[in-house]
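start-v7.cif (mmCIF, C-alpha atoms) appears below.
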```cif
data_query
#
loop_
_atom_site.label_atom_id
_atom_site.label_comp_id
_atom_site.auth_asym_id
_atom_site.auth_seq_id
_atom_site.Cartn_x
_atom_site.Cartn_y
_atom_site.Cartn_z
CA MET P 701 8.81 -16.47 3.24
CA LYS P 702 6.08 -17.89 1.05
CA GLU P 703 2.71 -16.22 1.07
CA LYS P 704 0.94 -19.20 2.63
CA ASP P 705 3.34 -19.12 5.58
CA TRP P 706 2.42 -15.61 6.77
CA THR P 707 0.55 -15.54 10.07
CA SER P 708 -0.47 -12.81 12.49
CA LYS P 709 2.54 -13.77 14.63
CA ASP P 710 4.94 -13.27 11.69
CA ILE P 711 3.47 -9.84 11.00
CA ARG P 712 3.70 -8.80 14.65
CA GLU P 713 7.37 -9.75 14.80
CA LYS P 714 8.38 -8.33 11.41
CA TYR P 715 6.89 -4.89 12.02
CA ASN P 716 7.22 -4.80 15.80
CA VAL P 717 3.47 -4.22 16.00
CA SER P 718 2.12 -3.35 19.43
CA ARG P 719 -0.35 -5.54 21.28
CA GLU P 720 -3.07 -2.91 20.83
CA THR P 721 -2.48 -2.74 17.08
CA MET P 722 -2.54 -6.53 16.76
CA GLU P 723 -5.84 -6.62 18.63
CA LYS P 724 -7.29 -4.20 16.10
CA LEU P 725 -5.91 -6.19 13.17
CA ASP P 726 -7.43 -9.35 14.67
CA CYS P 727 -10.71 -7.47 15.07
CA TYR P 728 -10.63 -6.42 11.41
CA VAL P 729 -9.86 -9.92 10.14
CA THR P 730 -12.58 -11.48 12.30
CA HIS P 731 -15.27 -9.15 11.02
CA LEU P 732 -14.02 -9.28 7.43
CA LEU P 733 -14.44 -13.04 7.45
CA GLU P 734 -17.93 -12.72 8.97
CA TRP P 735 -19.02 -10.25 6.32
CA GLN P 736 -17.40 -12.30 3.58
CA ASN P 737 -19.98 -15.00 4.25
CA ARG P 738 -22.68 -12.55 3.10
CA PHE P 739 -20.92 -10.17 0.76
CA ASN P 740 -18.10 -10.48 -1.75
CA LEU P 741 -15.66 -8.08 -0.08
CA ILE P 742 -12.47 -9.91 -1.11
CA GLY P 743 -11.80 -12.69 -3.58
CA ASN P 744 -12.89 -16.03 -2.19
CA SER P 745 -9.63 -17.58 -3.36
CA THR P 746 -7.70 -15.26 -1.03
CA VAL P 747 -9.62 -16.00 2.17
CA ASP P 748 -7.28 -18.75 3.35
CA ASN P 749 -4.30 -16.39 2.94
CA ILE P 750 -5.95 -13.34 4.46
CA TRP P 751 -3.00 -12.36 6.69
CA GLY P 752 -0.58 -12.41 3.77
CA ARG P 753 -2.65 -11.37 0.75
CA HIS P 754 -4.48 -8.57 2.53
CA VAL P 755 -3.05 -7.54 5.90
CA LEU P 756 0.65 -7.87 5.08
CA ASP P 757 0.18 -6.61 1.54
CA SER P 758 -1.35 -3.44 2.97
CA LEU P 759 0.91 -3.07 5.98
CA GLN P 760 4.11 -3.17 3.92
CA LEU P 761 3.32 0.33 2.62
CA MET P 762 4.02 1.88 6.00
CA THR P 763 7.76 1.38 5.32
CA TYR P 764 7.52 4.08 2.63
CA ILE P 765 5.14 6.52 4.34
CA PRO P 766 6.70 9.56 6.06
CA LYS P 767 5.67 9.53 9.71
CA ASP P 768 4.75 13.23 9.64
CA PHE P 769 1.98 12.90 7.03
CA LYS P 770 -1.42 14.33 7.95
CA VAL P 771 -3.84 13.24 5.19
CA LEU P 772 -4.02 9.97 3.28
CA ILE P 773 -6.59 9.12 0.60
CA ASP P 774 -7.07 5.49 -0.41
CA ILE P 775 -8.81 5.30 -3.80
CA GLY P 776 -10.98 2.29 -4.55
CA THR P 777 -10.36 1.01 -1.05
CA GLY P 778 -12.80 -1.91 -1.28
CA ALA P 779 -12.68 -3.69 2.07
CA GLY P 780 -10.24 -1.06 3.35
CA LEU P 781 -7.13 -2.33 1.61
CA PRO P 782 -4.66 -0.84 2.15
CA GLY P 783 -6.30 2.22 3.76
CA PHE P 784 -7.99 0.71 6.80
CA ILE P 785 -4.96 -1.43 7.67
CA LEU P 786 -2.81 1.71 7.57
CA ALA P 787 -5.39 3.53 9.67
CA ILE P 788 -5.04 0.82 12.30
CA TYR P 789 -1.26 1.11 12.25
CA PHE P 790 -1.35 4.90 12.58
CA ALA P 791 -4.40 4.98 14.88
CA GLU P 792 -2.55 6.75 17.71
CA SER P 793 -0.95 9.36 15.45
CA ASN P 794 -3.90 11.68 14.76
CA LYS P 795 -4.03 11.15 10.98
CA ASP P 796 -6.92 11.86 8.62
CA ILE P 797 -7.42 8.78 6.47
CA TYR P 798 -10.07 8.90 3.76
CA LEU P 799 -11.40 5.62 2.34
CA VAL P 800 -13.05 6.10 -1.06
CA ASP P 801 -15.25 3.49 -2.72
CA SER P 802 -18.46 3.68 -4.74
CA SER P 803 -19.74 0.37 -3.32
CA LYS P 804 -22.28 1.07 -0.59
CA LYS P 805 -21.94 -2.40 0.94
CA LYS P 806 -18.17 -2.09 1.23
CA CYS P 807 -18.52 1.34 2.80
CA SER P 808 -21.09 -0.05 5.24
CA PHE P 809 -18.52 -2.65 6.25
CA LEU P 810 -15.86 0.03 6.71
CA ASN P 811 -18.10 2.14 8.92
CA PHE P 812 -18.90 -0.99 10.94
CA VAL P 813 -15.28 -2.05 11.52
CA SER P 814 -14.23 1.54 12.22
CA VAL P 815 -16.47 1.40 15.29
CA LYS P 816 -15.75 -2.21 16.24
CA CYS P 817 -11.97 -1.79 15.93
CA ASP P 818 -11.93 1.70 17.47
CA THR P 819 -10.14 3.09 14.41
CA PRO P 820 -11.34 6.49 13.16
CA VAL P 821 -11.49 6.91 9.37
CA ILE P 822 -13.51 9.04 6.97
CA VAL P 823 -15.51 6.75 4.69
CA LEU P 824 -16.67 8.28 1.40
CA PRO P 825 -19.22 6.15 -0.50
CA GLU P 826 -18.64 8.14 -3.67
CA ARG P 827 -16.82 8.02 -6.97
CA ILE P 828 -13.40 9.68 -6.83
CA GLU P 829 -14.35 12.19 -9.55
CA ASN P 830 -17.38 13.39 -7.55
CA LEU P 831 -16.07 13.54 -4.00
CA SER P 832 -17.74 15.93 -1.58
CA ILE P 833 -14.27 16.89 -0.29
CA LYS P 834 -13.13 18.23 -3.68
CA GLY P 835 -11.50 21.63 -3.18
CA LYS P 836 -11.41 21.17 0.59
CA ILE P 837 -8.35 19.01 1.26
CA LYS P 838 -4.99 18.07 -0.21
CA ALA P 839 -3.50 14.64 0.40
CA ASP P 840 0.01 13.99 1.62
CA ILE P 841 -0.30 10.36 0.55
CA ILE P 842 -2.47 8.73 -2.13
CA THR P 843 -2.75 4.95 -2.23
CA ALA P 844 -4.52 2.61 -4.63
CA ARG P 845 -4.31 -1.14 -4.65
CA ALA P 846 -6.84 -2.51 -7.12
CA PHE P 847 -8.18 0.53 -8.91
CA SER P 848 -8.01 1.42 -12.60
CA GLY P 849 -4.91 2.27 -14.66
CA ILE P 850 -2.14 4.58 -13.51
CA ASP P 851 -3.10 7.30 -15.98
CA ASN P 852 -6.68 7.29 -14.72
CA ILE P 853 -5.55 7.36 -11.10
CA LEU P 854 -3.39 10.41 -11.79
CA LYS P 855 -6.18 12.21 -13.62
CA LEU P 856 -8.92 11.52 -11.09
CA SER P 857 -6.78 12.24 -8.02
CA LYS P 858 -5.29 15.50 -9.33
CA PRO P 859 -7.78 17.79 -7.48
CA TYR P 860 -6.57 16.36 -4.16
CA THR P 861 -2.83 16.75 -4.69
CA SER P 862 -0.12 19.29 -4.03
CA PRO P 863 3.49 19.29 -5.36
CA GLN P 864 4.46 17.31 -2.24
CA THR P 865 1.85 14.55 -2.60
CA LYS P 866 3.37 11.07 -2.58
CA TYR P 867 1.73 8.25 -4.52
CA LEU P 868 2.09 4.64 -3.41
CA LEU P 869 0.43 2.44 -6.02
CA GLN P 870 0.42 -1.35 -5.75
CA ARG P 871 0.73 -2.83 -9.23
CA GLY P 872 1.45 -6.13 -10.93
CA ALA P 873 4.20 -7.36 -13.21
CA LYS P 874 3.34 -4.92 -16.02
CA ALA P 875 3.77 -1.84 -13.81
CA LYS P 876 6.97 -0.55 -15.42
CA THR P 877 5.62 -0.99 -18.94
CA GLU P 878 2.36 0.72 -18.02
CA LEU P 879 4.14 3.70 -16.54
CA ALA P 880 6.64 3.97 -19.41
CA LYS P 881 3.80 4.22 -21.93
CA LEU P 882 2.45 7.32 -20.19
CA ASN P 883 5.58 9.28 -21.13
CA ILE P 884 4.97 11.92 -18.47
CA SER P 885 8.08 14.07 -18.19
CA SER P 886 6.93 15.67 -14.93
CA LEU P 887 6.80 12.31 -13.17
CA MET P 888 9.96 12.49 -11.09
CA ASN P 889 11.98 10.24 -8.81
CA ILE P 890 10.07 7.04 -9.47
CA VAL P 891 11.06 4.20 -7.15
CA TYR P 892 9.92 0.62 -7.67
CA HIS P 893 9.73 -1.31 -4.42
CA ASN P 894 9.33 -5.07 -4.79
CA SER P 895 6.31 -6.44 -3.01
CA ILE P 896 7.04 -8.69 -0.05
CA LEU P 897 4.54 -11.19 -1.39
CA ASP P 898 5.49 -11.32 -5.07
CA LYS P 899 8.84 -10.45 -6.63
CA ASP P 900 7.05 -9.57 -9.88
CA SER P 901 4.72 -7.05 -8.23
CA TYR P 902 5.65 -3.54 -7.20
CA ILE P 903 4.85 -0.58 -5.02
CA ILE P 904 5.34 2.41 -7.30
CA ASP P 905 6.56 5.34 -5.19
CA PHE P 906 6.63 8.83 -6.70
CA GLU P 907 5.54 12.44 -6.53
CA TYR P 908 3.58 13.75 -9.52
CA ARG P 909 4.08 17.43 -10.35
#
```

Spell out the structure here as structure tokens.
Amino acid sequence: MKEKDWTSKDIREKYNVSRETMEKLDCYVTHLLEWQNRFNLIGNSTVDNIWGRHVLDSLQLMTYIPKDFKVLIDIGTGAGLPGFILAIYFAESNKDIYLVDSSKKKCSFLNFVSVKCDTPVIVLPERIENLSIKGKIKADIITARAFSGIDNILKLSKPYTSPQTKYLLQRGAKAKTELAKLNISSLMNIVYHNSILDKDSYIIDFEYR
């Protein structure tokens, strides 16, 4: 299905999303569009394809997330992508989802929609290298959609990982080349999942020891 064809109905049917979850996704999209009129939370060129480029692109990660995870950290979350969408999906599962972004306006939006959409998250308006939670938690899952290079992500997120931490990084067509250049022998069991939206984009799935 082409990107422009994705609608909320398609997403509901593909992922068997409950009525309550769809209501929260609708709530998120409604408020994101309202805030977009005042702040640049997402690219203006993606607004018309918001259900595909943002909701679906985020929601597709849940296929690769173990259901028994407890803590997820989304680095450079921006408007909550993919972290807030995943928080909506797992809202009834008692997960701790941390949304990290240094932009105060984006974090203000996230705190706002957390209340409006009745979706608890922990919003951290801080840089990843200076988080107040450093030394206090370890993540089961680390996500990043539009944040820095892979090497920098690995370096900055290291304080929040354990040997079991799973990374799910959404990258473009150069993902395999970028990762190969790192030459990290301890990077094991790398799986490249093709993005639903773009056959040349990937979800890089691995554990970094």

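Nearest to P:Lys795 of all the residues P:Asp768, P:Pro859, P:Cys807, P:Gly780 is P:Asp768, counting only C-alpha atoms.
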
>> With the PyMOL selection byres ((chain P and resi 866) around 7) as the selection, what would be picked from this file? Answer as a count of residues only, please.
In response: 9

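Note on the selection: in this file the PyMOL selection byres ((chain P and resi 722) around 10) comes out as Ser708, Lys709, Ile711, Arg712, Asn716, Val717, Ser718, Arg719, Glu720, Thr721, Glu723, Lys724, Leu725, Asp726, Cys727, Tyr728, Ile788 and Tyr789 of chain P.
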
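In this structure, atom CA of P:Asp796 sits 13.1 Å away from atom CA of P:Lys836.
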
>> When you count all atoms listed in the file, which of these residues is closest to P:Glu734: P:Ala873, P:Leu756, P:Ala880, P:Val813?
In response: P:Val813

>> Restricting the calculation to all atoms listed in the file: of P:Phe790, P:Tyr764, P:Phe812, P:Tyr892, which residue gets closest to P:Thr843?
In response: P:Tyr764

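Shortest atom-to-atom contact with P:Val821 among P:Ser808, P:Ala791, P:Leu732, P:Asp851: P:Ala791, counting all atoms listed in the file.
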
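For the residues P:Asp710, P:Asp905, P:Glu878, P:Glu826, ranking by smallest atom-to-atom distance to P:Lys805 using only C-alpha atoms places P:Glu826 first.
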
> Hey, can you check how far atom CA of P:Arg753 sits from atom CA of P:Ser895?
Replying inline: 10.9 Å
